[in-house]
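Visitor: mmCIF, C-alpha atoms and all ligand atoms, saved as protein_39.cif, coming up:
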```
data_structure
#
loop_
_atom_site.label_atom_id
_atom_site.label_comp_id
_atom_site.auth_asym_id
_atom_site.auth_seq_id
_atom_site.Cartn_x
_atom_site.Cartn_y
_atom_site.Cartn_z
CA MET F 6 80.92 7.76 121.52
CA ASP F 7 80.24 8.46 125.18
CA ASN F 8 76.74 7.13 125.48
CA PHE F 9 77.26 4.13 127.67
CA ALA F 10 76.03 3.55 131.17
CA GLY F 11 78.06 3.54 134.35
CA GLY F 12 79.29 6.73 135.98
CA SER F 13 82.98 7.51 136.10
CA THR F 14 85.21 9.77 138.09
CA VAL F 15 87.32 10.16 134.96
CA PRO F 16 86.80 13.53 133.32
CA GLU F 17 86.52 13.84 129.60
CA THR F 18 89.65 15.21 128.02
CA GLU F 19 91.07 15.15 124.53
CA THR F 20 94.69 15.57 125.52
CA ASP F 21 96.13 12.24 124.40
CA ALA F 22 96.66 13.46 120.87
CA ALA F 23 98.15 16.76 122.05
CA VAL F 24 101.61 16.24 120.53
CA PRO F 25 101.35 15.17 116.88
CA GLY F 26 103.56 12.19 116.08
CA VAL F 27 104.26 11.41 119.71
CA PRO F 28 102.49 8.23 120.77
CA ALA F 29 100.19 8.77 123.74
CA LYS F 30 101.28 7.06 126.94
CA PRO F 31 99.03 4.03 127.30
CA LEU F 32 96.43 4.05 130.05
CA PRO F 33 97.02 1.77 133.02
CA VAL F 34 94.85 -1.31 132.44
CA ALA F 35 94.23 -4.81 133.72
CA GLU F 36 94.57 -7.55 131.14
CA LEU F 37 92.02 -10.21 132.05
CA HIS F 38 91.94 -12.44 128.98
CA LEU F 39 95.35 -13.66 127.94
CA HIS F 40 96.59 -17.15 127.12
CA ILE F 41 100.29 -17.30 127.92
CA GLU F 42 100.86 -19.89 125.18
CA GLY F 43 99.30 -17.40 122.77
CA THR F 44 102.13 -14.95 123.44
CA LEU F 45 104.76 -17.18 121.80
CA GLN F 46 106.13 -14.99 119.04
CA PRO F 47 107.44 -16.66 115.86
CA GLU F 48 111.03 -15.62 116.70
CA LEU F 49 110.76 -17.22 120.14
CA ILE F 50 109.24 -20.38 118.62
CA PHE F 51 112.32 -20.75 116.43
CA ALA F 52 114.75 -19.88 119.25
CA LEU F 53 113.19 -22.46 121.60
CA ALA F 54 113.10 -25.09 118.84
CA GLU F 55 116.81 -24.59 118.29
CA ARG F 56 117.60 -24.70 122.01
CA ASN F 57 115.64 -27.94 122.38
CA GLY F 58 116.85 -29.59 119.17
CA ILE F 59 113.35 -29.67 117.69
CA THR F 60 112.82 -29.57 113.93
CA LEU F 61 109.84 -27.42 113.10
CA PRO F 62 107.64 -28.22 110.10
CA TYR F 63 108.37 -24.71 108.69
CA SER F 64 111.51 -23.70 106.81
CA GLY F 65 111.66 -20.31 108.49
CA LEU F 66 109.82 -17.34 109.99
CA GLU F 67 108.19 -16.43 106.71
CA GLU F 68 106.66 -19.86 106.18
CA LEU F 69 105.42 -19.90 109.78
CA ARG F 70 103.90 -16.44 109.44
CA GLU F 71 102.02 -17.56 106.34
CA LYS F 72 100.10 -19.97 108.58
CA TYR F 73 98.62 -17.08 110.61
CA GLU F 74 95.64 -16.85 108.31
CA PHE F 75 92.71 -18.32 110.22
CA THR F 76 89.22 -19.24 109.08
CA ASP F 77 87.72 -19.96 112.51
CA LEU F 78 88.65 -20.85 116.10
CA GLN F 79 89.64 -24.45 115.26
CA SER F 80 92.04 -23.40 112.49
CA PHE F 81 93.85 -21.21 115.04
CA LEU F 82 93.80 -23.86 117.77
CA ASP F 83 95.49 -26.36 115.43
CA LEU F 84 98.51 -24.06 115.02
CA TYR F 85 98.45 -22.86 118.64
CA TYR F 86 98.69 -26.43 119.99
CA ALA F 87 101.26 -27.49 117.36
CA ASN F 88 103.59 -24.61 118.27
CA MET F 89 103.54 -25.59 121.95
CA ALA F 90 105.88 -28.46 120.99
CA VAL F 91 108.82 -26.06 121.52
CA LEU F 92 107.96 -25.60 125.23
CA ARG F 93 109.92 -28.32 127.04
CA THR F 94 111.70 -26.96 130.10
CA GLU F 95 110.91 -24.63 132.99
CA GLN F 96 113.26 -22.16 131.35
CA ASP F 97 111.15 -22.21 128.15
CA PHE F 98 107.97 -21.42 130.08
CA ALA F 99 109.80 -18.75 132.05
CA ASP F 100 111.26 -17.10 128.94
CA MET F 101 107.84 -16.99 127.26
CA THR F 102 106.28 -15.43 130.38
CA ARG F 103 109.04 -12.83 130.75
CA ALA F 104 108.69 -11.79 127.12
CA TYR F 105 104.95 -11.25 127.58
CA LEU F 106 105.36 -9.21 130.77
CA GLU F 107 107.99 -6.98 129.17
CA ARG F 108 105.74 -6.23 126.21
CA ALA F 109 102.63 -5.93 128.38
CA ALA F 110 104.33 -3.34 130.60
CA ALA F 111 104.95 -1.21 127.51
CA ALA F 112 101.27 -1.62 126.60
CA GLY F 113 100.18 -0.11 129.93
CA VAL F 114 99.22 -3.40 131.60
CA ARG F 115 99.50 -2.99 135.39
CA HIS F 116 97.68 -6.15 136.43
CA ALA F 117 97.48 -9.37 134.38
CA GLU F 118 95.35 -12.46 134.90
CA ILE F 119 97.12 -15.05 132.86
CA MET F 120 95.61 -18.31 131.63
CA MET F 121 97.68 -21.36 130.90
CA ASP F 122 96.52 -24.69 129.46
CA PRO F 123 98.10 -27.39 131.69
CA GLN F 124 96.39 -30.27 129.85
CA ALA F 125 98.00 -29.20 126.57
CA HIS F 126 101.42 -29.75 128.15
CA VAL F 127 100.77 -32.80 130.32
CA SER F 128 99.35 -34.60 127.26
CA ARG F 129 102.73 -34.02 125.52
CA GLY F 130 104.60 -35.62 128.40
CA ILE F 131 105.65 -32.36 130.08
CA PRO F 132 105.37 -32.69 133.87
CA LEU F 133 102.80 -30.38 135.43
CA GLU F 134 105.49 -28.95 137.73
CA VAL F 135 107.56 -27.87 134.73
CA CYS F 136 104.87 -25.77 133.09
CA VAL F 137 103.40 -24.38 136.31
CA ASN F 138 106.72 -23.58 137.97
CA GLY F 139 108.19 -22.11 134.79
CA VAL F 140 105.36 -19.57 134.47
CA ALA F 141 104.86 -19.02 138.20
CA SER F 142 108.55 -18.37 138.92
CA VAL F 143 108.44 -15.31 136.66
CA LEU F 144 105.04 -14.14 137.91
CA ALA F 145 106.42 -14.20 141.46
CA THR F 146 108.65 -11.19 140.77
CA SER F 147 106.49 -9.52 138.11
CA GLN F 148 105.29 -6.66 140.30
CA GLU F 149 108.77 -5.59 141.30
CA LYS F 150 110.37 -6.17 137.87
CA PHE F 151 107.61 -5.02 135.55
CA GLY F 152 105.15 -3.15 137.81
CA ILE F 153 102.52 -5.76 136.92
CA SER F 154 100.62 -7.62 139.62
CA THR F 155 99.42 -11.02 138.40
CA MET F 156 97.15 -13.98 138.93
CA LEU F 157 97.63 -17.37 137.28
CA ILE F 158 94.46 -18.99 135.91
CA ALA F 159 94.39 -22.71 135.10
CA ALA F 160 92.30 -23.04 131.94
CA PHE F 161 90.77 -26.38 131.03
CA LEU F 162 90.23 -27.71 127.53
CA ARG F 163 86.52 -28.08 126.93
CA ASP F 164 86.97 -30.42 123.96
CA LEU F 165 88.47 -33.05 126.32
CA PRO F 166 86.30 -35.06 128.74
CA GLU F 167 85.58 -33.54 132.14
CA GLU F 168 87.47 -36.48 133.72
CA SER F 169 90.71 -35.17 132.22
CA ALA F 170 90.09 -31.71 133.68
CA LEU F 171 89.23 -33.21 137.09
CA GLU F 172 92.42 -35.27 137.10
CA VAL F 173 94.69 -32.34 136.26
CA PHE F 174 92.80 -30.04 138.62
CA GLY F 175 93.35 -32.56 141.43
CA GLN F 176 97.07 -32.64 140.63
CA LEU F 177 97.24 -28.82 140.68
CA LEU F 178 95.65 -28.76 144.13
CA ALA F 179 97.92 -31.57 145.36
CA MET F 180 101.04 -29.66 144.30
CA ASN F 181 99.66 -26.47 145.83
CA ALA F 182 99.98 -24.70 142.48
CA PRO F 183 99.78 -20.90 142.84
CA ILE F 184 96.55 -20.52 140.86
CA GLY F 185 93.86 -18.01 141.77
CA ALA F 186 91.12 -19.00 139.34
CA ILE F 187 90.06 -21.53 136.73
CA GLY F 188 88.89 -20.93 133.17
CA LEU F 189 87.49 -22.94 130.27
CA ASP F 190 88.83 -22.62 126.73
CA SER F 191 89.48 -24.40 123.40
CA ALA F 192 86.80 -25.54 120.87
CA GLU F 193 83.53 -24.07 122.11
CA VAL F 194 80.72 -25.26 119.84
CA GLY F 195 79.47 -28.69 120.94
CA ASN F 196 81.22 -28.39 124.32
CA PRO F 197 78.75 -26.47 126.48
CA PRO F 198 79.62 -25.17 129.94
CA SER F 199 77.33 -27.74 131.61
CA LYS F 200 79.87 -30.45 130.69
CA PHE F 201 82.12 -29.02 133.45
CA GLU F 202 79.70 -28.60 136.35
CA ARG F 203 81.69 -30.87 138.71
CA LEU F 204 84.98 -29.13 137.89
CA TYR F 205 83.53 -25.73 138.76
CA ASP F 206 81.92 -27.09 141.93
CA GLN F 207 85.32 -28.38 143.05
CA ALA F 208 87.09 -25.13 142.15
CA ARG F 209 84.52 -23.10 144.08
CA GLU F 210 84.97 -25.47 147.02
CA ALA F 211 88.75 -24.84 146.79
CA GLY F 212 88.15 -21.10 147.10
CA LEU F 213 89.14 -20.22 143.52
CA ARG F 214 87.64 -17.48 141.37
CA LEU F 215 85.67 -18.66 138.32
CA THR F 216 85.65 -17.56 134.70
CA ALA F 217 84.88 -19.33 131.39
CA HIS F 218 84.98 -18.63 127.67
CA ALA F 219 81.41 -18.42 126.42
CA GLY F 220 79.72 -16.78 123.46
CA GLU F 221 82.83 -16.46 121.27
CA GLU F 222 81.67 -18.84 118.52
CA GLY F 223 79.10 -20.57 120.69
CA PRO F 224 75.54 -19.27 121.19
CA ALA F 225 74.26 -16.80 123.78
CA SER F 226 72.75 -19.77 125.65
CA TYR F 227 76.29 -20.90 126.57
CA ILE F 228 76.76 -17.60 128.43
CA THR F 229 73.56 -18.24 130.38
CA GLU F 230 74.74 -21.78 131.14
CA ALA F 231 78.14 -20.57 132.33
CA LEU F 232 76.39 -18.22 134.76
CA ASP F 233 73.66 -20.60 135.92
CA VAL F 234 75.37 -24.00 135.88
CA LEU F 235 79.02 -23.11 136.50
CA GLY F 236 78.39 -20.01 138.61
CA VAL F 237 81.13 -18.01 136.89
CA GLU F 238 81.76 -14.42 137.96
CA ARG F 239 83.12 -13.32 134.59
CA ILE F 240 82.66 -14.29 130.95
CA ASP F 241 85.56 -14.46 128.49
CA HIS F 242 84.51 -13.03 125.10
CA GLY F 243 80.71 -13.03 125.51
CA ILE F 244 80.10 -11.09 122.30
CA ARG F 245 77.25 -13.37 121.25
CA CYS F 246 75.16 -12.04 124.14
CA MET F 247 74.10 -9.37 121.68
CA ASP F 248 71.83 -11.99 120.04
CA ASP F 249 69.71 -12.14 123.20
CA PRO F 250 68.28 -8.86 124.57
CA ASP F 251 67.06 -10.51 127.80
CA LEU F 252 70.56 -11.81 128.46
CA VAL F 253 72.04 -8.36 127.78
CA GLU F 254 69.66 -6.89 130.33
CA ARG F 255 70.68 -9.52 132.87
CA LEU F 256 74.41 -8.95 132.27
CA VAL F 257 73.97 -5.18 132.57
CA ASN F 258 71.96 -5.41 135.78
CA ALA F 259 74.40 -7.84 137.40
CA ARG F 260 77.45 -5.92 136.09
CA ILE F 261 78.92 -9.23 134.82
CA PRO F 262 82.34 -8.51 133.28
CA LEU F 263 82.86 -9.52 129.65
CA THR F 264 86.53 -9.75 128.65
CA VAL F 265 86.29 -8.79 125.00
CA CYS F 266 89.14 -9.38 122.51
CA PRO F 267 88.45 -7.34 119.36
CA LEU F 268 91.49 -8.26 117.23
CA SER F 269 91.01 -11.93 118.12
CA ASN F 270 87.40 -11.76 116.97
CA VAL F 271 88.49 -10.30 113.63
CA ARG F 272 91.28 -12.86 113.06
CA LEU F 273 89.05 -15.81 113.98
CA ARG F 274 86.22 -14.42 111.84
CA ALA F 275 83.73 -14.05 114.68
CA VAL F 276 83.19 -10.65 112.99
CA ASP F 277 83.98 -9.68 109.40
CA THR F 278 86.01 -6.56 110.15
CA LEU F 279 86.81 -4.45 113.20
CA ALA F 280 84.21 -1.94 112.01
CA ASP F 281 81.60 -4.70 112.40
CA HIS F 282 82.64 -5.45 115.99
CA PRO F 283 79.83 -5.12 118.56
CA LEU F 284 82.03 -3.34 121.14
CA PRO F 285 80.39 0.10 120.63
CA ALA F 286 76.94 -1.46 120.84
CA MET F 287 77.97 -3.36 123.95
CA LEU F 288 79.19 -0.17 125.60
CA ALA F 289 76.05 1.67 124.54
CA ALA F 290 73.96 -1.12 126.09
CA GLY F 291 75.72 -0.52 129.40
CA LEU F 292 77.62 -3.82 129.44
CA ASN F 293 80.73 -4.10 131.61
CA VAL F 294 83.28 -4.75 128.85
CA SER F 295 87.06 -4.61 128.91
CA VAL F 296 89.58 -4.84 126.07
CA ASN F 297 92.05 -7.72 126.02
CA SER F 298 94.50 -9.36 123.64
CA ASP F 299 93.68 -13.12 124.00
CA ASP F 300 96.61 -14.57 121.97
CA PRO F 301 98.55 -11.47 120.93
CA ALA F 302 101.32 -13.26 119.01
CA TYR F 303 98.68 -14.80 116.73
CA PHE F 304 96.09 -12.05 116.39
CA GLY F 305 98.14 -9.04 115.45
CA GLY F 306 98.49 -7.12 118.65
CA TYR F 307 98.71 -6.56 122.37
CA VAL F 308 96.30 -4.53 124.49
CA ASP F 309 97.69 -1.20 123.28
CA ASP F 310 97.27 -2.33 119.65
CA ASN F 311 93.66 -3.30 120.37
CA PHE F 312 93.01 0.14 121.92
CA ALA F 313 94.75 1.93 119.05
CA GLN F 314 92.80 0.15 116.33
CA LEU F 315 89.49 0.55 118.18
CA THR F 316 90.23 4.25 118.60
CA THR F 317 90.87 4.66 114.88
CA VAL F 318 87.91 2.65 113.67
CA PHE F 319 85.32 3.84 116.21
CA ASP F 320 86.75 7.26 116.99
CA LEU F 321 86.87 6.43 120.71
CA SER F 322 87.29 9.47 122.93
CA ASP F 323 89.65 9.69 125.90
CA PHE F 324 86.59 9.19 128.06
CA ASP F 325 85.67 5.95 126.24
CA ARG F 326 89.19 4.59 126.67
CA ALA F 327 89.32 5.57 130.33
CA ARG F 328 85.96 3.87 130.88
CA LEU F 329 87.29 0.66 129.29
CA ALA F 330 90.43 0.86 131.43
CA ALA F 331 88.37 1.44 134.60
CA ASN F 332 86.12 -1.51 133.69
CA SER F 333 89.17 -3.76 133.36
CA ILE F 334 90.41 -2.80 136.82
CA HIS F 335 86.98 -3.16 138.47
CA SER F 336 86.47 -6.55 136.76
CA SER F 337 89.77 -8.02 137.89
CA PHE F 338 90.28 -10.56 140.67
CA ALA F 339 92.90 -8.27 142.24
CA THR F 340 92.62 -7.27 145.90
CA GLU F 341 90.46 -4.24 146.67
CA GLU F 342 93.66 -2.46 147.72
CA ARG F 343 95.35 -3.11 144.36
CA LYS F 344 92.22 -2.09 142.46
CA ALA F 345 92.07 1.19 144.41
CA GLU F 346 95.75 1.80 143.64
CA LEU F 347 95.24 1.27 139.90
CA LEU F 348 92.05 3.32 139.78
CA ALA F 349 93.87 6.17 141.53
CA GLU F 350 96.67 5.86 138.98
CA LEU F 351 94.14 5.95 136.14
CA ASN F 352 92.27 8.94 137.52
CA GLY F 353 95.48 10.77 138.46
CA ARG F 354 96.87 10.25 135.01
CA GLU F 355 93.75 11.63 133.41
CA LEU F 356 93.70 14.65 135.71
CA ALA F 357 97.39 15.37 135.10
CA SER F 358 97.23 15.14 131.32
N1 LIG F 401 89.17 -19.26 122.39
C1 LIG F 401 89.14 -20.50 122.89
N2 LIG F 401 90.22 -21.14 123.28
C2 LIG F 401 91.39 -20.51 123.21
C3 LIG F 401 91.49 -19.24 122.71
C4 LIG F 401 90.32 -18.58 122.30
O1 LIG F 401 90.29 -17.42 121.84
N3 LIG F 401 92.80 -18.91 122.76
C5 LIG F 401 93.47 -19.96 123.29
N4 LIG F 401 92.61 -20.95 123.55
ZN ZN F 402 90.71 -16.76 124.98
#
```
Can you turn what I pasted into structure tokens?
Guide:
Amino acid sequence: MDNFAGGSTVPETETDAAVPGVPAKPLPVAELHLHIEGTLQPELIFALAERNGITLPYSGLEELREKYEFTDLQSFLDLYYANMAVLRTEQDFADMTRAYLERAAAAGVRHAEIMMDPQAHVSRGIPLEVCVNGVASVLATSQEKFGISTMLIAAFLRDLPEESALEVFGQLLAMNAPIGAIGLDSAEVGNPPSKFERLYDQAREAGLRLTAHAGEEGPASYITEALDVLGVERIDHGIRCMDDPDLVERLVNARIPLTVCPLSNVRLRAVDTLADHPLPAMLAAGLNVSVNSDDPAYFGGYVDDNFAQLTTVFDLSDFDRARLAANSIHSSFATEERKAELLAELNGRELAS
């Protein structure tokens, strides 16, 4: 499956599977669509509950795991927000972030743009400084400890009024929070991008990069709105663009990055099975797609798991995977210098293998 647009310096090889039984070293990638609260593994949920003296409404890991059966986005969000109750201290946020980075490093992630949902914590009485500083303190040493450069993205909950987002955004600016971008997440349908025009105007004014979830469960028109009304540079998910050929043409021509999350789309029933996922059609259309894990603790896998399952189901070649990895690096908000470094690593790895 090599028939997608966009030239590459990466040669086609079939060497990853050279040693039977030995897992191929993952390609260096940028993870661009990741909610840090979605990396809370069941074991960590129980450990943090114990440390904080919180009684969970589940008798044990097994009963919690039984809840990971979702029917749509909202059914996931209900559990995702409920489990955040165990995050109380800076140490909790730091431990969660460290656990993600450790696992992400093993998955080949070399640059991570990490969303967090400040409103989901402030509304529980957790000071903004606690959640921001807890995550940011670990990100500050991520490159030296894990080889992963990072950017923190403040994501805003679209099912709350814009006033709430504006208030928290103002507080983030006032505390000089180390954020590089804003995003928009939570329940999509009925909460169109245009609801957040003022927020995005203010973020642009503050010099931040702009992304938003659009076209996950919501219609293709939300993608158009995110581009035209919010002025976003990147779309999170975006799979519903395939319903609108004119929009696909626009996205291809403008090279707008779409941060696709295949296992998430299966678990939240945006598609019936992985085999029904539009990723191959998106690549064939020439769209600038990358592969991301979204909420890996809830959706059955990290970036490497997403790549592995896509490879099995769609018979992706080394060239396909390298293209996806290159797209992720090009689509990141990293410095040009860092992008060049990672692209050289990707190309060098391919040439050496
Ligand atoms: N979609 C919308 N909101 C979210 C998601 C998602 O996949 N994950 C965490 N918040
Ligand atoms: Zn998401």
Visitor: Under the rule that all atoms listed in the file are counted, which of F:Asp241, F:Leu157, F:Gly58, F:Arg272 is the nearest residue to Ala145 (chain F)?
Guide: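 Comparing F:Asp241, F:Leu157, F:Gly58, F:Arg272 against Ala145 (chain F), the winner is F:Leu157.
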Visitor: Residues around (72.5, -16.6, 126.1), cut-off 8 Å, counting all atoms listed in the file - what are they as a PyMOL selection string?
Guide: chain F and resi 220+224-230+245-246+248-249+252
Visitor: So, with all atoms listed in the file as the atoms that count, which of F:Ala349, F:Ala141, F:Ile119, F:Ile187 lies closest to His40 (chain F)?
Guide: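 Of the candidates, the smallest distance to His40 (chain F) is held by F:Ile119.
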Visitor: Could you give me the residues within 7 Å of ligand LIG 401 (chain F), counting only C-alpha atoms and all ligand atoms, as a ChimeraX atom specification?
Guide: /F:40,43,78,82,190-193,218,269,299-300
Visitor: Between F:Ile131, F:Ile244, F:Ala208, F:Val265, which is the closest to ligand ZN 402 (chain F) once you count all atoms listed in the file?
Guide: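 Going through F:Ile131, F:Ile244, F:Ala208, F:Val265 one by one, the smallest distance to ligand ZN 402 (chain F) is for F:Val265.
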Visitor: Please, what distance in Å, to one decimal, runs between CA of Ala117 (chain F) and CA of Phe98 (chain F)?
Guide: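 Here the two named atoms are 16.5 Å from each other.
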Visitor: Missing atoms in region 57-70 of chain F should be modelled up to N, CA, C and O atoms and reported as a PDB file, in the coordinates of the input.
Guide:
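Heads up, here's the output in part-v5.pdb:
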```pdb
ATOM      1  N   ASN F  57     116.081 -26.598 121.976  1.00  0.00           N
ATOM      2  CA  ASN F  57     115.640 -27.940 122.380  1.00  0.00           C
ATOM      3  C   ASN F  57     115.887 -29.000 121.315  1.00  0.00           C
ATOM      4  O   ASN F  57     115.442 -30.147 121.465  1.00  0.00           O
ATOM      5  N   GLY F  58     116.560 -28.620 120.223  1.00  0.00           N
ATOM      6  CA  GLY F  58     116.850 -29.590 119.170  1.00  0.00           C
ATOM      7  C   GLY F  58     115.608 -30.127 118.480  1.00  0.00           C
ATOM      8  O   GLY F  58     115.540 -31.297 118.109  1.00  0.00           O
ATOM      9  N   ILE F  59     114.606 -29.260 118.331  1.00  0.00           N
ATOM     10  CA  ILE F  59     113.350 -29.670 117.690  1.00  0.00           C
ATOM     11  C   ILE F  59     113.325 -29.153 116.251  1.00  0.00           C
ATOM     12  O   ILE F  59     113.636 -27.983 116.005  1.00  0.00           O
ATOM     13  N   THR F  60     112.965 -30.023 115.326  1.00  0.00           N
ATOM     14  CA  THR F  60     112.820 -29.570 113.930  1.00  0.00           C
ATOM     15  C   THR F  60     111.374 -29.168 113.705  1.00  0.00           C
ATOM     16  O   THR F  60     110.458 -29.984 113.860  1.00  0.00           O
ATOM     17  N   LEU F  61     111.200 -27.907 113.348  1.00  0.00           N
ATOM     18  CA  LEU F  61     109.840 -27.420 113.100  1.00  0.00           C
ATOM     19  C   LEU F  61     109.411 -27.761 111.677  1.00  0.00           C
ATOM     20  O   LEU F  61     110.254 -27.857 110.778  1.00  0.00           O
ATOM     21  N   PRO F  62     108.112 -27.911 111.456  1.00  0.00           N
ATOM     22  CA  PRO F  62     107.640 -28.220 110.100  1.00  0.00           C
ATOM     23  C   PRO F  62     107.556 -26.979 109.198  1.00  0.00           C
ATOM     24  O   PRO F  62     106.791 -26.975 108.243  1.00  0.00           O
ATOM     25  N   TYR F  63     108.327 -25.928 109.521  1.00  0.00           N
ATOM     26  CA  TYR F  63     108.370 -24.710 108.690  1.00  0.00           C
ATOM     27  C   TYR F  63     109.832 -24.409 108.403  1.00  0.00           C
ATOM     28  O   TYR F  63     110.670 -24.529 109.292  1.00  0.00           O
ATOM     29  N   SER F  64     110.119 -23.955 107.183  1.00  0.00           N
ATOM     30  CA  SER F  64     111.510 -23.700 106.810  1.00  0.00           C
ATOM     31  C   SER F  64     112.063 -22.456 107.500  1.00  0.00           C
ATOM     32  O   SER F  64     113.263 -22.333 107.701  1.00  0.00           O
ATOM     33  N   GLY F  65     111.194 -21.531 107.859  1.00  0.00           N
ATOM     34  CA  GLY F  65     111.660 -20.310 108.490  1.00  0.00           C
ATOM     35  C   GLY F  65     110.491 -19.444 108.936  1.00  0.00           C
ATOM     36  O   GLY F  65     109.318 -19.843 108.803  1.00  0.00           O
ATOM     37  N   LEU F  66     110.835 -18.251 109.458  1.00  0.00           N
ATOM     38  CA  LEU F  66     109.820 -17.340 109.990  1.00  0.00           C
ATOM     39  C   LEU F  66     108.720 -17.022 108.986  1.00  0.00           C
ATOM     40  O   LEU F  66     107.537 -16.967 109.313  1.00  0.00           O
ATOM     41  N   GLU F  67     109.161 -16.835 107.730  1.00  0.00           N
ATOM     42  CA  GLU F  67     108.190 -16.430 106.710  1.00  0.00           C
ATOM     43  C   GLU F  67     107.137 -17.514 106.494  1.00  0.00           C
ATOM     44  O   GLU F  67     105.935 -17.229 106.425  1.00  0.00           O
ATOM     45  N   GLU F  68     107.614 -18.760 106.403  1.00  0.00           N
ATOM     46  CA  GLU F  68     106.660 -19.860 106.180  1.00  0.00           C
ATOM     47  C   GLU F  68     105.739 -20.030 107.383  1.00  0.00           C
ATOM     48  O   GLU F  68     104.549 -20.331 107.228  1.00  0.00           O
ATOM     49  N   LEU F  69     106.279 -19.823 108.586  1.00  0.00           N
ATOM     50  CA  LEU F  69     105.420 -19.900 109.780  1.00  0.00           C
ATOM     51  C   LEU F  69     104.374 -18.789 109.743  1.00  0.00           C
ATOM     52  O   LEU F  69     103.186 -19.035 109.957  1.00  0.00           O
ATOM     53  N   ARG F  70     104.834 -17.576 109.435  1.00  0.00           N
ATOM     54  CA  ARG F  70     103.900 -16.440 109.440  1.00  0.00           C
ATOM     55  C   ARG F  70     102.778 -16.609 108.424  1.00  0.00           C
ATOM     56  O   ARG F  70     101.666 -16.117 108.621  1.00  0.00           O
TER      57      ARG F  70
END
```
